[in-house]
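> Dropping the structure in here first, questions after.
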Amino acid sequence: MQAIKWREKGQFISVNGHQHFVYDSNNNKPYLVILHGYPTCSYDYHKVIPQLEQYFCVVVHDHLGFGFSDKPIEYSYTLFEQTDQALLIWQKLGVSKAIVLAHDYGTSIATELVARLGMFNQLPIEIEQLVLCNGSMHVELAQLRLIQKLLMNHWLGPLVGRLTSKRVLARNLRNIYYDENKLSSSEIDAIWAMMMHNDGKKVIAKTTQYIKQRMQHWHRWIGALQETKLKTHIVWAENDPVAVIEMADVLYQEINNSTLTVIPKSGHFPMLETPRRWTQAVIAGVLN
């Protein structure tokens, strides 16, 4: 089973009383720390890590509420606290400077890092470069799926979470691929197993509230991107029906020191759907 094989590749690190699943290349190359998306986990990168490891020491963890990490019921799941957790994990691993790569949900954690750097001019680690991939930071442009809207609802969300099934997951994932045939049944099985780990149904609605936080803190996070001096690479799948390509164009225009690479014929999870082209774009953007 792919989920078990993936767990065997990582380790568990305790931060503030919570266990996080972490994959660490543990080599002597420059750090590339990855912030994964919603509703999946670090497994999103299982196809691309071997190529990335030729150039980087890859570190990717499951956020609280995701994958093999703890999924506490009594927890806020704010993006601010997820940022705190990420920083503490990186510190425990001895990461002092790194390239930060973020996708989907993870892009809001990345923008909170940028906001803290801009306001206080300091972080526990040095961010060398930033890579942003298919995340609805400009939430006003996002084409949210029906299930996301339902899960966000204060009353319906918990019920929808409890009724979520592997079939529902498969249908929603296929709908955000460019070519749904590239999503295998074994990958669906693995993603579902990791979502359900640690009684995951009970926190799906809670983790979905990040969309509201993007609205509430829009000026903080978009403002930080508009002011940052970090070298930023925007790597965007062109056919994403959620984080639409218009977002990439807006980000490219408003982030001063940025480059944009568009991956054609690829949907919301390009690291899974078109792994070779996505990896080449990331490596080229960072190293050139």
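Note on naming: chains are A, B, ... as they come in the structure tokens, residues start from 1 per chain, ligands start from 1 in the order shown.
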Per residue of region 92-150 of chain A within 9 Å of region 221-231 of chain A, what are the shortest atom pair and its distance in Å to one decimal, counting only C-alpha atoms, with rows by chain and residue number, as a Markdown table?

| residue | atom | partner | partner_atom | distance |
| --- | --- | --- | --- | --- |
| A:Ser108 | CA | A:Trp221 | CA | 7.5 |
| A:Thr111 | CA | A:Trp221 | CA | 5.4 |
| A:Glu112 | CA | A:Trp221 | CA | 6.2 |
| A:Val114 | CA | A:Ala224 | CA | 6.0 |
| A:Ala115 | CA | A:Ala224 | CA | 4.9 |
| A:Arg116 | CA | A:Ala224 | CA | 8.5 |
| A:Leu117 | CA | A:Thr228 | CA | 8.6 |
| A:Gly118 | CA | A:Ala224 | CA | 6.6 |
| A:Met119 | CA | A:Ala224 | CA | 8.6 |
| A:Ile127 | CA | A:Leu230 | CA | 7.9 |
| A:Glu128 | CA | A:Leu230 | CA | 7.3 |
| A:Gln129 | CA | A:Lys231 | CA | 5.1 |
| A:Leu130 | CA | A:Lys231 | CA | 6.3 |
| A:Val131 | CA | A:Lys231 | CA | 8.6 |
| A:Met137 | CA | A:Ile222 | CA | 7.3 |
| A:His138 | CA | A:Ile222 | CA | 7.6 |
> Pull the alpha helix (DSSP H) assignments for region 78-182 of chain A out of DSSP run on the backbone, and list those residues as a short mmCIF file (atom, residue, chain, number, x, y, z; two decimals) with C-alpha atoms, in the first residue's frame.

data_model
loop_
_atom_site.label_atom_id
_atom_site.label_comp_id
_atom_site.auth_asym_id
_atom_site.auth_seq_id
_atom_site.Cartn_x
_atom_site.Cartn_y
_atom_site.Cartn_z
CA LEU A 79 -2.73 29.60 9.32
CA PHE A 80 -0.83 31.62 11.92
CA GLU A 81 -0.42 28.54 14.13
CA GLN A 82 0.43 26.34 11.15
CA THR A 83 3.20 28.84 10.37
CA ASP A 84 4.48 28.59 13.95
CA GLN A 85 4.52 24.81 13.69
CA ALA A 86 6.42 24.84 10.41
CA LEU A 87 9.10 27.14 11.80
CA LEU A 88 9.55 24.99 14.89
CA ILE A 89 9.86 21.82 12.81
CA TRP A 90 12.50 23.41 10.61
CA GLN A 91 14.40 24.62 13.65
CA LYS A 92 14.36 21.12 15.18
CA TYR A 105 -3.02 25.83 1.30
CA GLY A 106 0.71 26.09 1.86
CA THR A 107 0.95 29.36 -0.06
CA SER A 108 -0.90 31.14 2.74
CA ILE A 109 1.62 29.83 5.27
CA ALA A 110 4.34 31.09 2.94
CA THR A 111 2.76 34.53 2.70
CA GLU A 112 2.54 34.69 6.49
CA LEU A 113 6.29 33.99 6.57
CA VAL A 114 6.79 36.84 4.09
CA ALA A 115 4.58 39.13 6.21
CA ARG A 116 6.59 38.41 9.35
CA LEU A 117 9.82 39.00 7.49
CA GLY A 118 8.53 42.30 6.13
CA MET A 119 7.18 43.61 9.43
CA PHE A 120 9.94 42.47 11.77
CA LEU A 146 -19.11 23.10 -4.04
CA ILE A 147 -17.67 20.78 -1.39
CA GLN A 148 -15.33 23.53 -0.18
CA LYS A 149 -18.26 25.92 0.22
CA LEU A 150 -20.25 23.29 2.11
CA LEU A 151 -17.33 22.44 4.42
CA MET A 152 -16.82 26.13 5.19
CA LEU A 156 -23.19 22.03 7.44
CA GLY A 157 -19.41 21.66 7.47
CA PRO A 158 -19.07 19.04 10.24
CA LEU A 159 -21.91 16.96 8.74
CA VAL A 160 -20.41 17.11 5.24
CA GLY A 161 -17.06 16.11 6.70
CA ARG A 162 -18.56 13.04 8.37
CA LEU A 163 -20.32 12.05 5.12
CA LYS A 166 -13.44 7.94 -0.97
CA ARG A 167 -15.80 8.14 -3.94
CA VAL A 168 -16.50 11.82 -3.24
CA LEU A 169 -12.77 12.48 -2.89
CA ALA A 170 -12.01 10.70 -6.16
CA ARG A 171 -14.66 12.66 -8.04
CA ASN A 172 -13.45 16.00 -6.71
CA LEU A 173 -9.79 15.23 -7.40
CA ARG A 174 -10.52 14.08 -10.95
CA ASN A 175 -12.47 17.29 -11.57
#
> For the strand (DSSP E) assignment from backbone DSSP, which residues of region 27-73 of chain A qualify? Please present them as a VMD selection string.
chain A and resid 31 to 35 57 to 61
> For the residues in the current selection, export N, CA and C atoms as a tab-separated table (two decimals), in the first residue's frame.

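Contents of the output file part-v7.tsv:
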chain	number	residue	atom	x	y	z
A	31	TYR	N	18.80	23.47	1.48
A	31	TYR	CA	17.46	23.08	1.91
A	31	TYR	C	16.38	23.64	0.98
A	32	LEU	N	15.45	22.78	0.62
A	32	LEU	CA	14.20	23.16	-0.02
A	32	LEU	C	13.09	22.68	0.90
A	33	VAL	N	12.42	23.60	1.58
A	33	VAL	CA	11.34	23.22	2.49
A	33	VAL	C	10.02	23.45	1.78
A	34	ILE	N	9.14	22.47	1.89
A	34	ILE	CA	7.89	22.47	1.12
A	34	ILE	C	6.69	22.53	2.05
A	35	LEU	N	5.73	23.37	1.66
A	35	LEU	CA	4.47	23.52	2.39
A	35	LEU	C	3.35	22.99	1.48
A	57	CYS	N	18.25	19.39	-0.39
A	57	CYS	CA	17.82	18.60	0.75
A	57	CYS	C	16.35	18.95	0.98
A	58	VAL	N	15.48	18.04	0.62
A	58	VAL	CA	14.04	18.30	0.64
A	58	VAL	C	13.47	17.98	2.02
A	59	VAL	N	12.74	18.93	2.57
A	59	VAL	CA	12.02	18.73	3.83
A	59	VAL	C	10.56	19.09	3.60
A	60	VAL	N	9.67	18.15	3.86
A	60	VAL	CA	8.24	18.42	3.74
A	60	VAL	C	7.52	17.70	4.88
A	61	HIS	N	6.64	18.43	5.55
A	61	HIS	CA	5.91	17.83	6.67
A	61	HIS	C	4.41	17.90	6.41
> Which residue out of A:Lys212, A:His154, A:His63, A:Arg220 has the minimum interatomic distance to Val15 (chain A) when only C-alpha atoms are used?
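Using only C-alpha atoms, Val15 (chain A) sits closest to A:His63.
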> Which polymer residues have any atom within 10 Å of an atom of Gln213 (chain A), counting only C-alpha atoms, with same-chain residues fewer than 3 positions away left out, as a count of residues only?
11
> Between A:Asn27, A:Asn288, A:Ser69, A:Ser165, which is the closest to Leu52 (chain A) once you count only C-alpha atoms?
A:Asn27
> Would you mind listing what lies within 6 Å of Val242 (chain A) as a list in words, with only C-alpha atoms counted and same-chain residues fewer than 5 positions away left out?
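That gives Ala142, Gln143 and Leu144 of chain A.
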> Output N, CA and C atoms for every residue in the selection just made, as a tab-separated table (two decimals), in the first residue's frame.

chain	number	residue	atom	x	y	z
A	142	ALA	N	-10.65	33.00	-6.87
A	142	ALA	CA	-10.74	31.54	-6.77
A	142	ALA	C	-12.10	31.03	-7.22
A	143	GLN	N	-12.08	29.90	-7.90
A	143	GLN	CA	-13.30	29.22	-8.32
A	143	GLN	C	-13.52	28.04	-7.36
A	144	LEU	N	-14.07	28.33	-6.20
A	144	LEU	CA	-14.21	27.31	-5.17
A	144	LEU	C	-15.15	26.20	-5.60
> With 12 Å as the cut-off and only C-alpha atoms counted, what is the closest atom pair between each nearby residue of region 171-262 of chain A and region 96-103 of chain A? Distances in Å to one decimal, ordered by chain and number, as CSV.

residue,atom,partner,partner_atom,distance
A:Leu230,CA,A:Ile99,CA,10.4
A:Lys231,CA,A:Ile99,CA,9.9
A:Thr232,CA,A:Val100,CA,9.6
A:His233,CA,A:Leu101,CA,9.1
A:Ile234,CA,A:Leu101,CA,9.8
A:Val235,CA,A:His103,CA,9.5
A:Trp236,CA,A:His103,CA,9.6
A:Ala237,CA,A:His103,CA,11.0
A:Ala243,CA,A:His103,CA,10.3
